[in-house]
file structure-v7.cif (mmCIF, C-alpha atoms and all ligand atoms)
data_my_file
loop_
_atom_site.label_atom_id
_atom_site.label_comp_id
_atom_site.auth_asym_id
_atom_site.auth_seq_id
_atom_site.Cartn_x
_atom_site.Cartn_y
_atom_site.Cartn_z
CA MET A 21 -30.86 -30.78 42.00
CA THR A 22 -32.22 -27.32 41.31
CA GLN A 23 -28.73 -26.01 40.89
CA TYR A 24 -27.92 -28.85 38.47
CA LEU A 25 -30.99 -28.04 36.32
CA ARG A 26 -30.16 -24.37 36.51
CA GLY A 27 -26.67 -25.10 35.14
CA ILE A 28 -28.14 -27.05 32.21
CA TYR A 29 -30.55 -24.21 31.50
CA ASP A 30 -27.77 -21.60 31.52
CA ALA A 31 -25.59 -23.69 29.21
CA VAL A 32 -28.40 -24.21 26.67
CA ALA A 33 -29.43 -20.53 26.87
CA SER A 34 -25.85 -19.42 26.36
CA ALA A 35 -25.40 -21.74 23.35
CA LEU A 36 -28.64 -20.50 21.78
CA LYS A 37 -27.61 -16.90 22.33
CA GLY A 38 -24.30 -17.53 20.57
CA MET A 39 -26.04 -19.32 17.69
CA ARG A 40 -28.51 -16.45 17.32
CA ILE A 41 -25.64 -13.96 16.95
CA THR A 42 -23.93 -16.25 14.42
CA ALA A 43 -27.16 -16.64 12.42
CA LYS A 44 -27.61 -12.88 12.34
CA HIS A 45 -24.18 -12.45 10.77
CA VAL A 46 -24.79 -15.26 8.27
CA VAL A 47 -27.76 -13.44 6.73
CA ARG A 48 -26.30 -9.95 7.05
CA LYS A 49 -24.95 -8.26 3.90
CA PRO A 50 -21.13 -8.47 3.99
CA VAL A 51 -19.31 -5.18 4.55
CA THR A 52 -15.95 -6.40 3.30
CA LEU A 53 -14.80 -7.25 -0.23
CA GLN A 54 -12.96 -10.33 -1.42
CA TYR A 55 -9.85 -8.31 -2.19
CA PRO A 56 -8.09 -8.44 -4.64
CA ASP A 57 -10.81 -10.13 -6.74
CA GLU A 58 -13.32 -7.48 -5.67
CA ARG A 59 -12.49 -3.78 -5.31
CA TRP A 60 -14.25 -0.62 -4.33
CA VAL A 61 -15.25 1.75 -7.11
CA LEU A 62 -12.99 4.72 -6.50
CA PRO A 63 -14.05 8.33 -6.94
CA ALA A 64 -12.66 10.05 -10.05
CA ARG A 65 -10.63 12.45 -7.90
CA PHE A 66 -9.01 9.63 -5.91
CA LYS A 67 -5.34 10.37 -5.26
CA GLY A 68 -3.59 7.23 -6.40
CA PHE A 69 -0.06 6.77 -7.61
CA ILE A 70 1.31 9.61 -9.73
CA ILE A 71 1.65 8.78 -13.41
CA ASN A 72 3.08 10.69 -16.35
CA ASP A 73 1.56 10.60 -19.81
CA THR A 74 4.80 11.23 -21.67
CA ASN A 75 2.84 12.06 -24.84
CA LEU A 76 1.94 15.31 -23.14
CA CYS A 77 5.07 15.97 -21.10
CA ASP A 78 7.42 18.68 -22.33
CA GLY A 79 10.06 18.09 -19.68
CA CYS A 80 9.62 21.54 -18.17
CA LEU A 81 10.76 20.26 -14.74
CA ARG A 82 8.04 22.18 -12.92
CA CYS A 83 6.69 19.05 -11.23
CA ALA A 84 10.16 18.05 -10.02
CA LYS A 85 10.87 21.53 -8.71
CA VAL A 86 7.62 21.82 -6.79
CA CYS A 87 7.79 18.33 -5.28
CA PRO A 88 8.46 18.84 -1.56
CA VAL A 89 10.28 15.54 -1.17
CA ASP A 90 12.25 15.56 -4.45
CA CYS A 91 10.90 12.26 -5.62
CA ILE A 92 10.47 13.09 -9.31
CA TYR A 93 13.61 12.42 -11.33
CA ILE A 94 13.78 14.02 -14.78
CA GLU A 95 16.79 13.81 -17.05
CA THR A 96 16.98 15.47 -20.43
CA MET A 97 19.59 16.07 -23.11
CA GLY A 98 19.90 18.55 -25.96
CA LYS A 99 18.36 21.97 -26.41
CA GLY A 100 15.37 23.61 -28.07
CA LYS A 101 13.63 21.38 -30.59
CA ASP A 102 16.35 18.81 -30.11
CA ARG A 103 15.80 18.45 -26.39
CA PHE A 104 14.83 14.94 -25.35
CA MET A 105 13.79 13.48 -22.03
CA HIS A 106 15.43 10.15 -21.35
CA ARG A 107 14.26 9.74 -17.80
CA TYR A 108 11.07 10.54 -15.96
CA ALA A 109 10.77 8.53 -12.78
CA VAL A 110 8.74 8.81 -9.61
CA ASP A 111 10.04 7.36 -6.38
CA TYR A 112 6.93 6.18 -4.57
CA ASN A 113 9.02 5.34 -1.52
CA LYS A 114 9.15 9.07 -0.89
CA CYS A 115 5.96 10.42 -2.49
CA ILE A 116 3.51 11.84 0.01
CA TRP A 117 0.57 12.10 -2.43
CA CYS A 118 0.34 15.85 -1.94
CA GLY A 119 -0.67 16.40 -5.56
CA LEU A 120 1.44 19.54 -5.97
CA CYS A 121 3.06 18.12 -9.11
CA THR A 122 -0.33 17.61 -10.76
CA GLU A 123 -1.40 21.15 -9.91
CA GLU A 124 1.81 22.61 -11.29
CA CYS A 125 1.88 20.62 -14.53
CA PRO A 126 0.88 22.90 -17.43
CA THR A 127 0.02 20.07 -19.83
CA PHE A 128 -1.85 17.67 -17.52
CA ALA A 129 0.79 15.05 -18.24
CA CYS A 130 1.34 14.45 -14.56
CA GLN A 131 -1.78 13.10 -12.83
CA HIS A 132 -2.91 10.98 -9.96
CA SER A 133 -3.99 7.56 -11.17
CA LEU A 134 -6.56 5.30 -9.54
CA ASP A 135 -3.83 2.80 -8.77
CA TYR A 136 -3.09 2.24 -5.10
CA ASP A 137 -2.18 -1.34 -4.34
CA HIS A 138 1.52 -1.92 -4.53
CA ALA A 139 2.78 -4.62 -2.23
CA LEU A 140 6.35 -5.40 -3.17
CA TYR A 141 9.23 -7.27 -1.64
CA ASP A 142 11.84 -4.94 -3.09
CA ARG A 143 11.40 -1.23 -2.46
CA ARG A 144 13.60 -0.42 -5.43
CA ARG A 145 10.67 -1.47 -7.57
CA LEU A 146 8.74 1.50 -6.17
CA VAL A 147 10.82 3.76 -8.38
CA TYR A 148 8.71 3.83 -11.51
CA GLU A 149 10.34 4.66 -14.80
CA PHE A 150 8.08 6.20 -17.40
CA VAL A 151 10.60 6.62 -20.21
CA ASP A 152 12.63 3.96 -21.92
CA PRO A 153 16.14 5.48 -21.97
CA GLU A 154 16.66 3.83 -25.35
CA ARG A 155 13.68 5.76 -26.70
CA PRO A 156 13.93 9.33 -25.35
CA VAL A 157 10.80 11.45 -25.61
CA PRO A 158 11.03 14.73 -27.53
CA CYS A 159 10.28 17.64 -25.20
CA HIS A 160 9.34 20.18 -27.85
CA LYS A 161 5.70 19.97 -28.79
CA GLU A 162 6.32 20.52 -32.51
CA ARG A 163 8.95 17.78 -32.55
CA ARG A 164 6.62 15.45 -30.70
CA GLN A 165 3.93 16.03 -33.30
CA GLN A 166 6.42 15.51 -36.13
CA MET A 167 7.42 12.20 -34.58
CA GLY A 168 3.84 11.03 -34.23
CA TYR A 169 3.39 11.65 -30.53
CA PHE A 170 -0.09 12.59 -29.48
CA VAL A 171 -0.24 16.13 -28.14
CA GLU A 172 -3.43 17.56 -26.67
CA GLN A 173 -4.08 21.26 -26.44
CA VAL A 174 -3.98 22.35 -22.81
CA ALA A 175 -7.32 24.15 -23.11
CA ALA A 176 -8.96 20.98 -24.36
CA ALA A 177 -7.36 18.73 -21.83
CA PRO A 178 -8.92 18.99 -18.40
CA PRO A 179 -8.06 16.09 -16.12
CA ASP A 180 -9.88 13.16 -17.66
CA PRO A 181 -10.80 10.41 -15.18
CA ASP A 182 -11.22 7.92 -18.05
CA ARG A 183 -7.75 8.59 -19.34
CA ILE A 184 -6.38 8.31 -15.85
CA ALA A 185 -8.25 5.06 -15.29
CA LYS A 186 -6.73 3.64 -18.47
CA ALA A 187 -3.25 4.73 -17.50
CA PRO A 188 -0.62 2.00 -17.26
CA ARG A 189 -0.55 0.08 -14.02
CA ARG A 190 2.35 -1.63 -12.35
CA ALA A 191 2.16 -4.73 -14.52
CA ASP A 192 2.34 -2.58 -17.66
CA LEU A 193 5.38 -0.64 -16.61
CA PRO A 194 9.00 -1.68 -16.97
CA GLU A 195 10.64 -2.75 -13.77
CA ALA A 196 13.06 -0.33 -12.22
CA ALA A 197 16.64 -1.17 -12.93
CA PRO A 198 18.49 -2.69 -9.94
CA GLY A 199 20.09 0.05 -7.96
CA ALA A 200 17.59 2.72 -9.12
CA GLY A 201 16.31 5.03 -6.48
CA GLY A 202 18.66 7.97 -6.19
CA GLY A 203 19.20 10.94 -8.40
CA GLU A 204 18.18 14.52 -8.58
CA GLY A 205 14.92 15.99 -9.69
CA GLY A 206 15.70 18.06 -12.72
CA GLY A 207 18.72 18.44 -14.92
CA SER A 208 18.80 19.03 -18.59
S1 LIG B 301 2.32 13.91 -5.15
FE1 LIG B 301 3.64 15.37 -4.02
S2 LIG B 301 5.27 14.10 -3.17
FE2 LIG B 301 4.26 12.88 -4.76
S3 LIG B 301 5.48 13.24 -6.63
FE3 LIG B 301 3.81 14.75 -6.60
S4 LIG B 301 4.67 16.57 -5.62
FE4 LIG B 301 6.02 14.86 -5.13
S1 LIG B 302 5.27 19.63 -15.01
FE1 LIG B 302 4.14 18.31 -16.45
S2 LIG B 302 5.00 18.85 -18.47
FE2 LIG B 302 6.43 19.65 -16.91
S3 LIG B 302 7.96 17.99 -16.66
FE3 LIG B 302 6.37 17.67 -15.11
S4 LIG B 302 4.93 16.23 -16.07
FE4 LIG B 302 6.17 17.10 -17.70
#
call {"tool": "encode", "arguments": {"input": "structure-v7.cif", "output": "structure tokens"}}
result
Amino acid sequence: MTQYLRGIYDAVASALKGMRITAKHVVRKPVTLQYPDERWVLPARFKGFIINDTNLCDGCLRCAKVCPVDCIYIETMGKGKDRFMHRYAVDYNKCIWCGLCTEECPTFACQHSLDYDHALYDRRRLVYEFVDPERPVPCHKERRQQMGYFVEQVAAAPPDPDRIAKAPRRADLPEAAPGAGGGEGGGS
């Protein structure tokens, strides 16, 4: 009989113990977010996906040359003031987020964004195209200004977290053309 009562006591005590732990977690402040509806506030220097503000880019190729994995594809045509960039793409399949391209860029066109969540079914879509080939971007600063492109002075253009935060995200960018994903960094 004693053993029987002891068993009942242990079962009730065990259930109460479990309920106490559950209750503690019910009132505890959650440590997770309801992603993607809720997101952490990222620090301004967060190294998200590389973006290119083509208003500032002069197609100098320095970012492509310094990239250790050759994942920046730049294609230009013409010379001098008539040089135009018709492709600037970053292959995020290969990018290692080293940031060397941003450090090398003389115009701050190439920056890390705060964008980081890219779950895709097709890895070809991780090749981001920043220039519409039908609308090549003038490389020469004077020509860009003549054509109404916004050009900041380098001295007045330190990396601006606000500008980076407002940079286009995946949904704003054109999808990579089927079959994109190869190519050489550089070329003019
Ligand atoms: S962050 Fe590094 S790997 Fe990625 S594009 Fe820039 S240089 Fe290349
Ligand atoms: S280094 Fe900067 S300015 Fe030069 S091609 Fe790359 S993004 Fe453009």
call {"tool": "atom_distance", "arguments": {"input": "structure-v7.cif", "atom1": "atom CA of A:Val89", "atom2": "atom CA of A:Asp111"}}
result
9.7 Å
call {"tool": "residues_near_ligand", "arguments": {"input": "structure-v7.cif", "ligand": "ligand LIG 302 (chain B)", "cutoff": "8 Å", "atoms": "all atoms listed in the file", "output": "PyMOL selection string"}}
result
chain A and resi 72-74+76-84+94+121-122+124-130
call {"tool": "atom_distance", "arguments": {"input": "structure-v7.cif", "atom1": "atom CA of A:Tyr148", "atom2": "atom CA of A:Lys99"}}
result
25.4 Å
call {"tool": "residues_near_ligand", "arguments": {"input": "structure-v7.cif", "ligand": "ligand LIG 301 (chain B)", "cutoff": "6 Å", "atoms": "all atoms listed in the file", "output": "list of chain:residue names"}}
result
A:Cys87, A:Pro88, A:Val89, A:Cys91, A:Ile92, A:Cys115, A:Ile116, A:Trp117, A:Cys118, A:Gly119, A:Leu120, A:Cys121
call {"tool": "residues_around", "arguments": {"input": "structure-v7.cif", "residues": "A:Asp102", "least_positions_apart": "6", "cutoff": "12 Å", "atoms": "all atoms listed in the file", "output": "ChimeraX atom specification"}}
result
/A:78,96,156-164,167,208
call {"tool": "closest_residue", "arguments": {"input": "structure-v7.cif", "among": "A:Ala139, A:Val51, A:Leu134, A:Met97", "to": "A:Lys67", "atoms": "only C-alpha atoms"}}
result
A:Leu134
call {"tool": "atom_distance", "arguments": {"input": "structure-v7.cif", "atom1": "atom CA of A:His132", "atom2": "atom CA of A:Ile70"}}
result
4.4 Å
call {"tool": "axis_aligned_box", "arguments": {"input": "structure-v7.cif", "around": "stretch 158-170 of chain A", "padding_each_side": "5 Å", "output": "JSON"}}
result
{"center_x": 5.5, "center_y": 15.8, "center_z": -30.7, "size_x": 21.1, "size_y": 19.5, "size_z": 20.9}
call {"tool": "residues_around", "arguments": {"input": "structure-v7.cif", "residues": "A:Leu146", "least_positions_apart": "3", "cutoff": "8 Å", "atoms": "only C-alpha atoms", "output": "short mmCIF file (atom, residue, chain, number, x, y, z; two decimals) with C-alpha atoms, keeping the file's coordinate frame"}}
result
data_model
loop_
_atom_site.label_atom_id
_atom_site.label_comp_id
_atom_site.auth_asym_id
_atom_site.auth_seq_id
_atom_site.Cartn_x
_atom_site.Cartn_y
_atom_site.Cartn_z
CA ASP A 111 10.04 7.36 -6.38
CA TYR A 112 6.93 6.18 -4.57
CA ASN A 113 9.02 5.34 -1.52
CA LEU A 140 6.35 -5.40 -3.17
CA ASP A 142 11.84 -4.94 -3.09
CA ARG A 143 11.40 -1.23 -2.46
CA ALA A 196 13.06 -0.33 -12.22
#
